[in-house]
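Engineer: Next comes work.cif, mmCIF, C-alpha atoms:
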data_input
#
loop_
_atom_site.label_atom_id
_atom_site.label_comp_id
_atom_site.auth_asym_id
_atom_site.auth_seq_id
_atom_site.Cartn_x
_atom_site.Cartn_y
_atom_site.Cartn_z
CA MET H 1 0.00 0.00 0.00
CA ASP H 2 1.17 3.53 -0.77
CA PHE H 3 0.62 6.37 1.66
CA LEU H 4 0.46 9.70 -0.17
CA ARG H 5 0.79 12.93 1.80
CA PRO H 6 0.24 15.99 -0.38
CA THR H 7 0.59 19.32 1.40
CA THR H 8 -1.15 21.51 -1.18
CA TRP H 9 -4.33 21.19 -3.21
CA ALA H 10 -2.32 21.10 -6.45
CA GLU H 11 -0.23 18.21 -5.09
CA ALA H 12 -3.38 16.40 -4.01
CA LEU H 13 -4.93 16.71 -7.49
CA ALA H 14 -1.68 15.53 -9.08
CA ALA H 15 -1.52 12.52 -6.77
CA LYS H 16 -5.14 11.58 -7.56
CA ALA H 17 -4.57 12.03 -11.30
CA ASP H 18 -1.45 9.87 -11.23
CA GLN H 19 -3.05 7.23 -9.01
CA PRO H 20 -6.84 7.40 -9.50
CA GLU H 21 -7.37 4.25 -7.42
CA ALA H 22 -5.94 5.98 -4.32
CA VAL H 23 -8.57 6.32 -1.61
CA PRO H 24 -8.77 9.83 -0.09
CA ILE H 25 -8.69 9.84 3.71
CA GLN H 26 -9.69 12.88 5.75
CA GLY H 27 -11.03 12.15 9.26
CA GLY H 28 -10.76 8.40 8.70
CA THR H 29 -14.08 7.73 10.41
CA ASP H 30 -15.31 5.64 7.46
CA VAL H 31 -12.11 4.65 5.65
CA MET H 32 -10.27 3.35 8.72
CA VAL H 33 -13.25 1.27 9.84
CA GLU H 34 -13.17 -0.51 6.49
CA ILE H 35 -9.42 -1.07 6.75
CA ASN H 36 -9.55 -2.18 10.40
CA PHE H 37 -12.18 -4.77 9.52
CA ASP H 38 -10.43 -5.80 6.31
CA VAL H 39 -13.45 -4.87 4.22
CA ARG H 40 -11.24 -2.81 1.97
CA ARG H 41 -7.55 -2.93 1.06
CA PRO H 42 -6.86 0.19 -1.01
CA VAL H 43 -3.69 0.14 -3.10
CA ALA H 44 -3.01 3.63 -1.79
CA LEU H 45 -4.28 6.06 0.82
CA LEU H 46 -4.31 9.74 -0.09
CA ASP H 47 -4.08 11.65 3.20
CA LEU H 48 -5.70 15.08 2.85
CA ASN H 49 -5.03 16.24 6.45
CA GLN H 50 -2.00 18.29 5.42
CA VAL H 51 -3.93 20.31 2.82
CA ALA H 52 -4.73 23.16 5.20
CA GLU H 53 -7.16 25.00 2.92
CA LEU H 54 -9.62 22.09 3.09
CA ARG H 55 -10.18 22.84 6.77
CA ARG H 56 -11.25 26.44 6.20
CA TRP H 57 -14.61 28.01 5.39
CA ASP H 58 -15.36 31.46 4.09
CA VAL H 59 -18.11 33.46 2.39
CA VAL H 60 -17.70 34.01 -1.34
CA ASP H 61 -20.20 36.28 -3.11
CA GLY H 62 -22.66 35.82 -0.28
CA VAL H 63 -22.43 32.01 -0.33
CA CYS H 64 -20.79 29.89 2.40
CA ARG H 65 -17.95 27.86 0.93
CA VAL H 66 -17.14 25.09 3.40
CA GLY H 67 -13.87 23.27 2.78
CA ALA H 68 -14.25 19.51 2.35
CA GLY H 69 -12.19 18.83 5.49
CA VAL H 70 -13.92 21.23 7.88
CA PRO H 71 -14.79 19.01 10.86
CA TYR H 72 -18.36 18.77 12.13
CA THR H 73 -17.24 20.39 15.39
CA THR H 74 -16.28 23.55 13.49
CA ILE H 75 -19.59 23.59 11.61
CA ILE H 76 -21.44 23.33 14.93
CA GLU H 77 -19.37 26.03 16.62
CA GLU H 78 -19.06 28.51 13.75
CA LEU H 79 -21.78 27.92 11.15
CA GLY H 80 -24.96 27.44 13.19
CA GLY H 81 -26.13 30.94 12.18
CA PRO H 82 -25.85 30.83 8.38
CA LEU H 83 -26.27 27.05 8.00
CA PRO H 84 -28.64 25.95 10.79
CA GLY H 85 -29.83 22.76 9.08
CA LEU H 86 -26.32 21.48 8.41
CA ALA H 87 -25.24 22.45 11.93
CA GLN H 88 -28.17 20.56 13.46
CA ALA H 89 -27.35 17.48 11.44
CA SER H 90 -23.68 17.83 12.42
CA ARG H 91 -24.64 17.74 16.11
CA THR H 92 -26.15 14.29 15.61
CA VAL H 93 -23.04 12.76 14.03
CA GLY H 94 -21.34 10.06 16.12
CA SER H 95 -19.69 11.34 19.28
CA PRO H 96 -17.50 14.35 20.10
CA GLN H 97 -14.40 12.39 19.04
CA ILE H 98 -16.01 11.51 15.70
CA ARG H 99 -17.22 15.08 15.15
CA ASN H 100 -13.69 16.33 15.77
CA ARG H 101 -12.49 14.30 12.77
CA GLY H 102 -15.43 13.67 10.45
CA SER H 103 -16.27 16.16 7.69
CA VAL H 104 -18.94 16.90 5.11
CA GLY H 105 -16.37 16.15 2.40
CA GLY H 106 -15.91 12.69 3.85
CA ASN H 107 -19.66 12.17 4.09
CA LEU H 108 -19.97 13.08 0.39
CA GLY H 109 -17.04 10.90 -0.58
CA ALA H 110 -18.53 7.88 1.20
CA ALA H 111 -22.01 8.71 -0.20
CA SER H 112 -23.76 6.44 2.25
CA PRO H 113 -27.54 6.90 2.04
CA ALA H 114 -27.44 7.25 5.84
CA GLY H 115 -24.91 10.11 5.91
CA ASP H 116 -26.25 12.84 8.20
CA SER H 117 -25.14 15.85 6.16
CA HIS H 118 -26.95 14.85 2.95
CA PRO H 119 -30.57 15.80 3.81
CA PRO H 120 -29.74 19.40 4.81
CA LEU H 121 -27.48 19.77 1.75
CA LEU H 122 -30.41 18.71 -0.45
CA ALA H 123 -32.92 20.92 1.33
CA THR H 124 -30.67 23.97 0.91
CA ASP H 125 -29.68 23.39 -2.74
CA ALA H 126 -26.02 22.93 -1.87
CA VAL H 127 -23.50 22.68 -4.69
CA ILE H 128 -20.43 20.48 -4.47
CA GLU H 129 -17.17 21.78 -5.89
CA VAL H 130 -15.03 18.97 -7.28
CA GLU H 131 -11.82 19.21 -9.26
CA SER H 132 -9.35 17.17 -11.24
CA ARG H 133 -5.90 18.15 -12.45
CA ASP H 134 -6.65 17.55 -16.12
CA ARG H 135 -10.28 18.64 -16.45
CA GLY H 136 -10.61 21.41 -13.91
CA VAL H 137 -13.51 22.31 -11.65
CA ARG H 138 -17.05 20.94 -11.78
CA MET H 139 -19.89 22.37 -9.72
CA ILE H 140 -22.37 19.57 -8.98
CA PRO H 141 -25.76 20.27 -7.35
CA ALA H 142 -26.29 17.98 -4.36
CA ALA H 143 -29.41 16.56 -6.02
CA GLU H 144 -27.20 15.26 -8.88
CA PHE H 145 -24.32 14.09 -6.71
CA TYR H 146 -25.71 10.87 -5.24
CA LEU H 147 -25.93 8.11 -7.84
CA GLY H 148 -26.48 4.93 -5.84
CA VAL H 149 -25.69 3.17 -2.58
CA LYS H 150 -22.23 4.50 -1.70
CA ARG H 151 -21.80 5.78 -5.26
CA ASN H 152 -21.40 9.44 -6.17
CA ALA H 153 -20.80 11.54 -9.28
CA LEU H 154 -17.02 11.83 -8.77
CA HIS H 155 -14.73 10.72 -11.57
CA PRO H 156 -11.76 8.60 -10.46
CA ASP H 157 -9.31 11.49 -10.83
CA GLU H 158 -11.48 14.03 -8.99
CA LEU H 159 -11.42 15.21 -5.40
CA ILE H 160 -14.06 17.08 -3.42
CA ARG H 161 -12.79 20.55 -2.60
CA ALA H 162 -15.72 22.35 -0.94
CA VAL H 163 -19.45 22.60 -0.49
CA HIS H 164 -21.26 25.81 -1.38
CA VAL H 165 -24.40 26.60 0.61
CA LYS H 166 -26.39 29.82 0.62
CA PRO H 167 -26.91 31.28 4.10
CA ALA H 168 -30.37 30.51 5.42
CA THR H 169 -33.14 32.99 4.67
CA GLY H 170 -35.62 31.11 6.86
CA PRO H 171 -35.75 28.41 9.54
CA GLN H 172 -34.25 24.98 8.85
CA TYR H 173 -34.67 21.72 10.75
CA PHE H 174 -33.11 18.28 10.77
CA SER H 175 -34.66 15.25 12.41
CA LYS H 176 -33.21 11.77 12.78
CA VAL H 177 -34.49 8.48 14.12
CA GLY H 178 -32.06 6.24 15.99
CA THR H 179 -31.95 3.92 18.96
CA ARG H 180 -30.05 6.33 21.20
CA ASN H 181 -28.77 9.89 21.08
CA ALA H 182 -25.08 9.25 20.45
CA MET H 183 -23.22 7.01 18.02
CA VAL H 184 -26.26 6.33 15.91
CA ILE H 185 -26.40 5.59 12.22
CA ALA H 186 -29.72 7.01 11.11
CA VAL H 187 -32.62 4.60 10.78
CA CYS H 188 -33.92 7.44 8.64
CA SER H 189 -33.68 11.22 8.69
CA PHE H 190 -35.34 14.28 7.24
CA ALA H 191 -34.39 17.91 6.64
CA VAL H 192 -36.55 20.88 5.79
CA ALA H 193 -35.54 24.42 4.81
CA LEU H 194 -37.91 27.36 4.38
CA HIS H 195 -36.91 29.75 1.60
CA PRO H 196 -39.33 32.63 2.27
CA ASP H 197 -37.63 34.86 -0.31
CA GLU H 198 -38.64 32.35 -2.99
CA ARG H 199 -41.84 31.21 -1.24
CA ARG H 200 -40.47 27.69 -1.47
CA VAL H 201 -39.66 24.83 0.91
CA GLY H 202 -36.70 22.49 0.38
CA THR H 203 -36.59 18.89 1.61
CA GLY H 204 -34.06 16.10 2.04
CA ILE H 205 -34.68 12.45 2.92
CA GLY H 206 -31.90 10.34 4.44
CA SER H 207 -31.47 6.59 4.85
CA ALA H 208 -34.81 5.75 3.25
CA ALA H 209 -33.81 5.13 -0.38
CA PRO H 210 -30.69 3.93 -2.24
CA THR H 211 -29.53 7.56 -2.22
CA PRO H 212 -30.37 10.64 -0.20
CA ARG H 213 -33.10 12.41 -2.16
CA ARG H 214 -35.52 15.33 -2.20
CA ALA H 215 -39.26 14.87 -1.89
CA LEU H 216 -39.99 16.75 -5.09
CA GLU H 217 -43.75 16.32 -5.25
CA ALA H 218 -44.04 17.41 -1.64
CA GLU H 219 -41.98 20.51 -2.42
CA GLU H 220 -44.21 21.25 -5.42
CA LEU H 221 -47.33 20.88 -3.29
CA LEU H 222 -46.11 23.55 -0.88
CA ALA H 223 -44.92 25.83 -3.69
CA ARG H 224 -48.43 25.66 -5.08
CA GLU H 225 -50.65 25.72 -2.01
CA LEU H 226 -48.77 27.06 1.03
CA ASP H 227 -50.14 30.43 2.18
CA TRP H 228 -47.03 32.34 3.28
CA ASP H 229 -49.12 35.00 5.02
CA ALA H 230 -51.05 32.59 7.26
CA PRO H 231 -49.42 32.20 10.69
CA ALA H 232 -51.04 28.78 11.17
CA LEU H 233 -50.38 25.91 8.82
CA ASP H 234 -53.40 24.27 7.27
CA PRO H 235 -53.51 20.83 8.99
CA ALA H 236 -54.81 19.15 5.85
CA LEU H 237 -51.91 20.56 3.85
CA VAL H 238 -49.41 19.36 6.47
CA ARG H 239 -50.88 15.85 6.26
CA ARG H 240 -50.63 15.84 2.46
CA PHE H 241 -47.04 17.09 2.73
CA GLY H 242 -46.18 14.25 5.11
CA ARG H 243 -47.78 11.66 2.84
CA LEU H 244 -45.93 12.93 -0.24
CA CYS H 245 -42.61 12.92 1.63
CA ALA H 246 -43.29 9.35 2.71
CA ALA H 247 -44.21 8.45 -0.87
CA ALA H 248 -40.86 9.83 -2.06
CA ALA H 249 -39.02 7.35 0.14
CA ALA H 250 -38.07 3.92 -1.21
CA PRO H 251 -36.56 2.18 1.80
CA ILE H 252 -35.54 -1.41 2.44
CA ASP H 253 -35.79 -3.67 5.47
CA ASP H 254 -32.43 -3.93 7.19
CA VAL H 255 -30.86 -4.40 10.63
CA ARG H 256 -31.73 -0.85 11.66
CA GLY H 257 -35.40 -0.88 10.73
CA THR H 258 -38.10 -2.05 8.39
CA ALA H 259 -39.17 -0.30 5.21
CA GLU H 260 -42.67 0.12 6.61
CA TYR H 261 -41.36 1.81 9.76
CA ARG H 262 -39.12 4.13 7.75
CA VAL H 263 -41.99 5.28 5.51
CA HIS H 264 -44.06 6.01 8.59
CA ALA H 265 -41.19 7.84 10.31
CA ILE H 266 -40.52 10.02 7.26
CA ASP H 267 -44.19 11.05 7.27
CA VAL H 268 -43.98 11.98 10.96
CA MET H 269 -40.63 13.80 10.71
CA ALA H 270 -41.75 15.72 7.62
CA ARG H 271 -44.87 17.02 9.40
CA ARG H 272 -42.97 17.84 12.58
CA THR H 273 -40.03 19.63 11.00
CA LEU H 274 -42.30 21.67 8.72
CA THR H 275 -44.40 22.70 11.72
CA TRP H 276 -41.33 23.63 13.81
CA ALA H 277 -39.92 25.67 10.96
CA TRP H 278 -43.21 27.40 10.27
CA ASN H 279 -43.68 28.33 13.94
CA ASP H 280 -40.14 29.73 14.06
CA HIS H 281 -40.77 31.67 10.89
CA PHE H 282 -43.78 33.41 12.35
CA GLY H 283 -42.23 33.72 15.79
CA ARG H 284 -39.37 35.61 14.26
CA ARG H 285 -41.59 37.78 12.11
CA ALA H 286 -43.76 38.67 15.07
CA ALA H 287 -40.76 39.57 17.22
CA MET V 1 7.19 3.20 6.29
CA ARG V 2 8.65 5.26 9.09
CA VAL V 3 6.37 7.49 11.14
CA THR V 4 7.68 10.19 13.47
CA PHE V 5 5.56 12.28 15.81
CA THR V 6 5.59 13.74 19.30
CA VAL V 7 4.06 11.59 22.04
CA ASN V 8 3.55 13.09 25.48
CA GLY V 9 6.20 15.70 24.73
CA ARG V 10 8.84 13.33 23.33
CA GLU V 11 9.60 12.76 19.67
CA GLU V 12 9.17 9.09 18.79
CA SER V 13 9.66 7.14 15.58
CA ALA V 14 8.31 3.79 14.51
CA ASP V 15 9.75 1.82 11.59
CA GLY V 16 8.10 -0.78 9.41
CA VAL V 17 4.66 0.71 9.92
CA TRP V 18 2.08 -0.73 7.53
CA GLU V 19 0.36 2.07 5.59
CA GLY V 20 -3.11 0.96 6.68
CA GLU V 21 -2.13 0.73 10.34
CA SER V 22 -3.92 2.87 12.93
CA LEU V 23 -2.31 5.34 15.29
CA LEU V 24 -3.67 3.17 18.11
CA TYR V 25 -1.72 0.14 16.90
CA VAL V 26 1.49 2.17 16.64
CA LEU V 27 1.04 3.54 20.17
CA ARG V 28 0.32 0.16 21.73
CA GLU V 29 2.39 -2.29 19.74
CA ARG V 30 5.34 -0.24 18.50
CA LEU V 31 5.86 2.50 21.10
CA GLY V 32 5.02 0.54 24.24
CA LEU V 33 2.13 2.75 25.31
CA PRO V 34 -0.70 0.32 26.10
CA GLY V 35 -2.79 2.85 28.05
CA SER V 36 -5.03 3.59 25.09
CA LYS V 37 -7.23 0.53 24.74
CA ASN V 38 -8.17 -1.40 21.65
CA ALA V 39 -11.77 -2.53 21.68
CA CYS V 40 -14.21 -1.81 18.88
CA GLU V 41 -11.84 -0.49 16.16
CA GLN V 42 -14.73 1.48 14.67
CA GLY V 43 -15.02 4.62 16.78
CA GLU V 44 -17.99 3.34 18.79
CA CYS V 45 -16.48 2.86 22.24
CA GLY V 46 -14.02 5.71 22.82
CA SER V 47 -11.55 3.59 24.80
CA CYS V 48 -8.72 4.56 22.40
CA THR V 49 -9.28 8.32 22.80
CA VAL V 50 -6.09 10.41 22.62
CA TYR V 51 -5.34 14.04 21.91
CA LEU V 52 -4.14 14.74 18.36
CA ASP V 53 -2.79 18.30 18.16
CA GLY V 54 -4.83 19.05 21.27
CA VAL V 55 -8.12 17.62 19.96
CA PRO V 56 -9.57 14.35 21.31
CA VAL V 57 -9.96 11.69 18.63
CA CYS V 58 -10.41 7.94 18.38
CA SER V 59 -6.86 6.79 17.65
CA CYS V 60 -8.20 3.63 16.01
CA LEU V 61 -9.59 5.83 13.21
CA VAL V 62 -6.41 7.85 12.60
CA ALA V 63 -4.10 6.29 10.03
CA ALA V 64 -0.63 6.17 11.53
CA GLY V 65 0.77 8.20 8.65
CA GLN V 66 -1.69 10.97 9.41
CA ALA V 67 0.06 11.52 12.74
CA GLU V 68 3.39 12.27 11.04
CA GLY V 69 4.89 15.44 12.50
CA ARG V 70 1.97 16.00 14.85
CA ARG V 71 1.51 16.05 18.63
CA VAL V 72 -0.16 13.11 20.37
CA ARG V 73 -1.00 13.02 24.07
CA THR V 74 -2.19 9.76 25.56
CA VAL V 75 -3.53 8.83 28.99
CA GLU V 76 0.10 8.17 29.97
CA GLY V 77 0.75 11.88 29.43
CA LEU V 78 -1.97 13.26 31.71
CA ALA V 79 -0.06 12.96 34.99
CA GLU V 80 2.88 15.22 35.79
CA GLY V 81 5.51 12.79 37.03
CA ASP V 82 4.05 11.06 40.07
CA ARG V 83 1.31 13.59 40.45
CA LEU V 84 -1.96 12.48 38.91
CA ASP V 85 -4.13 14.91 37.03
CA PRO V 86 -7.18 16.04 39.06
CA VAL V 87 -9.40 14.01 36.73
CA GLN V 88 -7.40 10.86 37.50
CA GLU V 89 -7.47 11.59 41.25
CA ALA V 90 -11.22 12.07 41.14
CA PHE V 91 -11.78 8.79 39.26
CA VAL V 92 -9.81 6.95 41.96
CA GLU V 93 -11.59 8.66 44.84
CA CYS V 94 -15.10 8.28 43.44
CA GLY V 95 -14.76 4.63 42.49
CA ALA V 96 -15.32 5.51 38.85
CA VAL V 97 -13.12 2.57 37.83
CA GLN V 98 -14.25 -1.03 37.86
CA CYS V 99 -12.68 -3.27 35.24
CA GLY V 100 -10.77 -0.22 34.02
CA PHE V 101 -10.81 -0.93 30.32
CA CYS V 102 -12.79 2.18 29.36
CA THR V 103 -11.01 4.39 31.90
CA PRO V 104 -8.13 5.72 29.78
CA GLY V 105 -10.50 6.98 27.09
CA LEU V 106 -12.87 8.49 29.63
CA LEU V 107 -9.95 10.23 31.37
CA VAL V 108 -8.73 11.86 28.17
CA GLN V 109 -12.24 12.87 27.13
CA ALA V 110 -13.13 14.22 30.60
CA HIS V 111 -9.77 16.02 30.75
CA ASP V 112 -10.58 17.77 27.49
CA LEU V 113 -14.03 18.78 28.73
CA LEU V 114 -12.55 20.40 31.85
CA GLU V 115 -9.91 22.19 29.79
CA ARG V 116 -12.68 23.79 27.75
CA VAL V 117 -15.51 24.21 30.27
CA GLU V 118 -14.76 25.26 33.83
CA ARG V 119 -18.03 24.21 35.43
CA PRO V 120 -19.83 21.85 33.06
CA SER V 121 -23.51 21.08 33.62
CA ASP V 122 -24.57 17.44 33.91
CA ALA V 123 -25.93 17.67 30.38
CA GLU V 124 -22.56 18.90 29.13
CA ILE V 125 -20.74 16.09 30.94
CA ARG V 126 -23.07 13.48 29.48
CA GLU V 127 -22.73 14.93 25.99
CA ALA V 128 -18.93 15.06 26.26
CA LEU V 129 -18.77 11.42 27.36
CA ALA V 130 -21.46 10.16 24.96
CA GLY V 131 -18.88 8.40 22.78
CA ASN V 132 -17.24 6.49 25.65
CA LEU V 133 -18.85 3.20 26.59
CA CYS V 134 -18.53 1.69 30.06
CA ARG V 135 -20.13 -1.68 30.72
CA CYS V 136 -19.42 -1.87 34.47
CA THR V 137 -20.18 1.30 36.35
CA GLY V 138 -23.54 2.47 35.06
CA TYR V 139 -21.76 5.84 34.64
CA GLU V 140 -23.00 7.36 37.91
CA LYS V 141 -19.59 7.20 39.61
CA ILE V 142 -17.98 8.52 36.45
CA LEU V 143 -20.29 11.54 36.52
CA ASP V 144 -19.45 12.00 40.21
CA ALA V 145 -15.75 11.94 39.37
CA VAL V 146 -16.04 14.52 36.61
CA ARG V 147 -18.10 16.80 38.85
CA LEU V 148 -15.51 16.47 41.64
CA ALA V 149 -12.60 17.12 39.29
CA ALA V 150 -14.39 20.15 37.88
CA GLU V 151 -15.00 21.51 41.35
CA ARG V 152 -11.38 21.08 42.37
CA LYS V 153 -9.99 22.52 39.17
CA ALA V 154 -12.32 25.51 39.40
CA SER V 155 -11.38 26.19 43.00
CA GLY V 156 -7.73 25.92 42.03
CA LYS V 157 -6.67 23.04 44.26
CA GLY V 158 -5.69 19.64 42.99
CA ALA V 159 -6.46 16.67 45.20
CA ALA V 160 -2.84 16.28 46.19
CA GLY V 161 -2.44 20.04 46.71
#
As C-alpha cells, how would this structure be written, given the file I've shared?

Structural biologist:
Amino acid sequence: MDFLRPTTWAEALAAKADQPEAVPIQGGTDVMVEINFDVRRPVALLDLNQVAELRRWDVVDGVCRVGAGVPYTTIIEELGGPLPGLAQASRTVGSPQIRNRGSVGGNLGAASPAGDSHPPLLATDAVIEVESRDRGVRMIPAAEFYLGVKRNALHPDELIRAVHVKPATGPQYFSKVGTRNAMVIAVCSFAVALHPDERRVGTGIGSAAPTPRRALEAEELLARELDWDAPALDPALVRRFGRLCAAAAAPIDDVRGTAEYRVHAIDVMARRTLTWAWNDHFGRRAA
Amino acid sequence: MRVTFTVNGREESADGVWEGESLLYVLRERLGLPGSKNACEQGECGSCTVYLDGVPVCSCLVAAGQAEGRRVRTVEGLAEGDRLDPVQEAFVECGAVQCGFCTPGLLVQAHDLLERVERPSDAEIREALAGNLCRCTGYEKILDAVRLAAERKASGKGAAG
C-alpha cells in the first residue's frame, strides 16, 4: 500500500490524477473502519489532512464555501447561524471524538444513504465543488451528486474541494431516528428548509432510499398551495405534505429498521419539521 | 514506512509501519504505550481516545501516517511525574473505575471537557462522554468523578495540593 501525503491542493490533485485508485482519507471515520475490519484494502491512501485549505470556510459572493475537510465540530461552533440545518445534522453525528475528525467532504465521498449531512445539503440546494488536475472544476448540485448506494458523481481522478451553501433565509430543521442519542447511524432522517424569499420549501430524505433524495412532489405541493401570510399551517396541507414525503421514500428492510417503519417515520418527521420551521418563521416575524 | 511524531512531549519514531495501520496500533504495539485501549476499532467505544494536536480523537480511526509530524497526548501523558491529574485523582476517589478498560478513554475525554468548560452542567458532561462506553459502572460514579474534578480545578486546588 502507498501512503500519499500531499501538502497543497495542487499536489493532491496531481496525486489523484497519477493514481486514481488511491482512496482519499480525511477524518478516517469511514475509511479506517473498512481497513480495520479488512473490508477494503486500497492500493493507496491519499491523506488530505495536510492540505490546510480544506479545513477552512469562508463566504464568497454571499455564499458559504465550506472546505471539504472542515470538521463537524467547526460547523457546529461557527456555522450554526448561516447554516442551521447542516449544523443541526452535524450535532447528531457520532460522538465528540467523531465530530472532531469527520467532515462533510468525507460524508460526500462515502455517499452512504445514511450520511447525516446529505438531507440538509439537499434541502438547501447545496452545490459540491469537485476538481481534477486535467479537467478542472465541476460544480455539482447535491441533487445530482448521489448516484447509488455509496456511489457518487465523482470521476476517479477528482477530489471534493468544498461545499457551497447559501446562508439561510428562513428556519431549517433536521430530524433523525435512531436507537439512542449518540453514536447512531440514522434509521432514517429528514431535513426541511424554508426559503421565504422564494416562497419555497426544500426537503431532504436520508437513509430511506438507495440515495439521499428530495421529496420533489411534496416541495411542489407547498410551492403551489402554502399560504405564506397565514401564521397557522393548514392541517390538511401538512398531512398531504407528510404523505408525499413518505411516498418519495423507497426504503428497504435492514438491521436498523423495516421499510414500513421508515416510511411512517418520514411522514412523521416531515410534518414535525415543517411545523417547527413554520412556527419559528412566524415567531421571528412577530418579534 | 517510518512514522515520526511527538508523544507526550517526546519525539518518537516507529519503523516498518504498515500504511493501513492505525495510530492506536502504533502507540500500543510499537511504542510501548498500552494505556489507550483497543476494543471496537470502529469509533464506537471511545476507549482509544487520545489528543491529536490538542483535539480528542479515536486513535483507532487515525491512520498512523496521518500523525506524522503532529503532537499526540495519551492517557500516559496526563499525569505530571508522580502527580496524577485532578481528573485521575477524582476517578480513583469516586470509584469511577471497575474493570478499568474504558477508563483511559474516559480520562482523556473528561480532561478535554474540563480544559474547555470550567463548570460543566450534567448535560454537558453526558454529551462530552457520549462516545465512551462503560459496561461496568452504570456511569454514575464517572459523573461523580467529573463533577468532583471540575469543582477542584475551578477552585484551584488539585487533590494532592

Engineer: Tell me which of V:Val108, V:Ala130, V:Ile142, V:Arg10 sits closest to Glu93 (chain V), counting all atoms listed in the file.

Structural biologist: V:Ile142

Engineer: So the first atom is CA of Pro84 (chain H) and the second is CA of Met32 (chain H); what is the distance between them in Å, to one decimal place?

Structural biologist: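 Going from CA of Pro84 (chain H) over to CA of Met32 (chain H) covers 29.2 Å.
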
Engineer: Compile the residues of chain H that lie within 7 Å of chain V, evaluated using all atoms listed in the file, and express the compilation as a list in words.

Structural biologist: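 Here is what falls inside 7 Å: Met1, Asp2, Phe3, Gly28, Thr29, Met32, Val33, Ile35, Asn36, Asp47, Asn49, Ser95, Pro96, Gln97, Ile98, Asn100, Arg101, Ala182 and Met183 of chain H.
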
Engineer: As an exercise, work out the distance from CA of Arg73 (chain V) to CA of Leu52 (chain V) in Å and give it to one decimal place.

Structural biologist: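 Atom-to-atom, CA of Arg73 (chain V) to CA of Leu52 (chain V), that is 6.7 Å.
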
Engineer: Would you mind listing what lies within 8 Å of Leu83 (chain H) as a PDB file with C-alpha atoms, in the frame of the given file, with all atoms listed in the file counted and same-chain residues fewer than 4 positions away left out?

Structural biologist:
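Result file result-v6.pdb:
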ATOM      1  CA  LEU H  79     -21.780  27.920  11.150  1.00  0.00           C
ATOM      2  CA  ALA H  87     -25.240  22.450  11.930  1.00  0.00           C
ATOM      3  CA  VAL H 165     -24.400  26.600   0.610  1.00  0.00           C
ATOM      4  CA  LYS H 166     -26.390  29.820   0.620  1.00  0.00           C
ATOM      5  CA  PRO H 167     -26.910  31.280   4.100  1.00  0.00           C
ATOM      6  CA  ALA H 168     -30.370  30.510   5.420  1.00  0.00           C
TER       7      ALA H 168
END

Engineer: What are the centre and the three edge lengths of an axis-aligned box that wraps all atoms of region 131-148 of chain V in the file, given that 8 Å is added to every side, written as lines of an AutoDock Vina configuration file and rounded to one decimal in Å?

Structural biologist:
center_x = -19.5
center_y = 7.5
center_z = 32.2
size_x = 24.0
size_y = 34.7
size_z = 34.9

Engineer: Mind pulling up the distance from CA of Lys176 (chain H) to CA of Gly109 (chain H)?

Structural biologist: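 So the answer is 21.0 Å.
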
Engineer: Which neighbours of Leu86 (chain H) fall inside 12 Å, counting all atoms listed in the file, when residues of the same chain fewer than 4 positions from it are skipped, and could you give them as an mmCIF file with C-alpha atoms, in the frame of the given file?

Structural biologist:
data_model
loop_
_atom_site.group_PDB
_atom_site.id
_atom_site.type_symbol
_atom_site.label_atom_id
_atom_site.label_comp_id
_atom_site.auth_asym_id
_atom_site.auth_seq_id
_atom_site.Cartn_x
_atom_site.Cartn_y
_atom_site.Cartn_z
ATOM 1 C CA CYS H 64 -20.790 29.890 2.400
ATOM 2 C CA VAL H 66 -17.140 25.090 3.400
ATOM 3 C CA TYR H 72 -18.360 18.770 12.130
ATOM 4 C CA THR H 73 -17.240 20.390 15.390
ATOM 5 C CA THR H 74 -16.280 23.550 13.490
ATOM 6 C CA ILE H 75 -19.590 23.590 11.610
ATOM 7 C CA ILE H 76 -21.440 23.330 14.930
ATOM 8 C CA GLU H 77 -19.370 26.030 16.620
ATOM 9 C CA GLU H 78 -19.060 28.510 13.750
ATOM 10 C CA LEU H 79 -21.780 27.920 11.150
ATOM 11 C CA GLY H 80 -24.960 27.440 13.190
ATOM 12 C CA GLY H 81 -26.130 30.940 12.180
ATOM 13 C CA PRO H 82 -25.850 30.830 8.380
ATOM 14 C CA SER H 90 -23.680 17.830 12.420
ATOM 15 C CA ARG H 91 -24.640 17.740 16.110
ATOM 16 C CA THR H 92 -26.150 14.290 15.610
ATOM 17 C CA VAL H 93 -23.040 12.760 14.030
ATOM 18 C CA SER H 103 -16.270 16.160 7.690
ATOM 19 C CA VAL H 104 -18.940 16.900 5.110
ATOM 20 C CA GLY H 115 -24.910 10.110 5.910
ATOM 21 C CA ASP H 116 -26.250 12.840 8.200
ATOM 22 C CA SER H 117 -25.140 15.850 6.160
ATOM 23 C CA HIS H 118 -26.950 14.850 2.950
ATOM 24 C CA PRO H 119 -30.570 15.800 3.810
ATOM 25 C CA PRO H 120 -29.740 19.400 4.810
ATOM 26 C CA LEU H 121 -27.480 19.770 1.750
ATOM 27 C CA LEU H 122 -30.410 18.710 -0.450
ATOM 28 C CA ALA H 123 -32.920 20.920 1.330
ATOM 29 C CA THR H 124 -30.670 23.970 0.910
ATOM 30 C CA ASP H 125 -29.680 23.390 -2.740
ATOM 31 C CA ALA H 126 -26.020 22.930 -1.870
ATOM 32 C CA VAL H 163 -19.450 22.600 -0.490
ATOM 33 C CA HIS H 164 -21.260 25.810 -1.380
ATOM 34 C CA VAL H 165 -24.400 26.600 0.610
ATOM 35 C CA LYS H 166 -26.390 29.820 0.620
ATOM 36 C CA PRO H 167 -26.910 31.280 4.100
ATOM 37 C CA ALA H 168 -30.370 30.510 5.420
ATOM 38 C CA PRO H 171 -35.750 28.410 9.540
ATOM 39 C CA GLN H 172 -34.250 24.980 8.850
ATOM 40 C CA TYR H 173 -34.670 21.720 10.750
ATOM 41 C CA PHE H 174 -33.110 18.280 10.770
ATOM 42 C CA SER H 175 -34.660 15.250 12.410
ATOM 43 C CA PHE H 190 -35.340 14.280 7.240
ATOM 44 C CA ALA H 191 -34.390 17.910 6.640
ATOM 45 C CA VAL H 192 -36.550 20.880 5.790
ATOM 46 C CA ALA H 193 -35.540 24.420 4.810
ATOM 47 C CA GLY H 204 -34.060 16.100 2.040
#

Engineer: Evaluate the PyMOL selection byres ((chain V and resi 149) around 8) against this structure - the residues, as a ChimeraX atom specification, please.

Structural biologist: /V:86-87,89-90,145-148,150-153
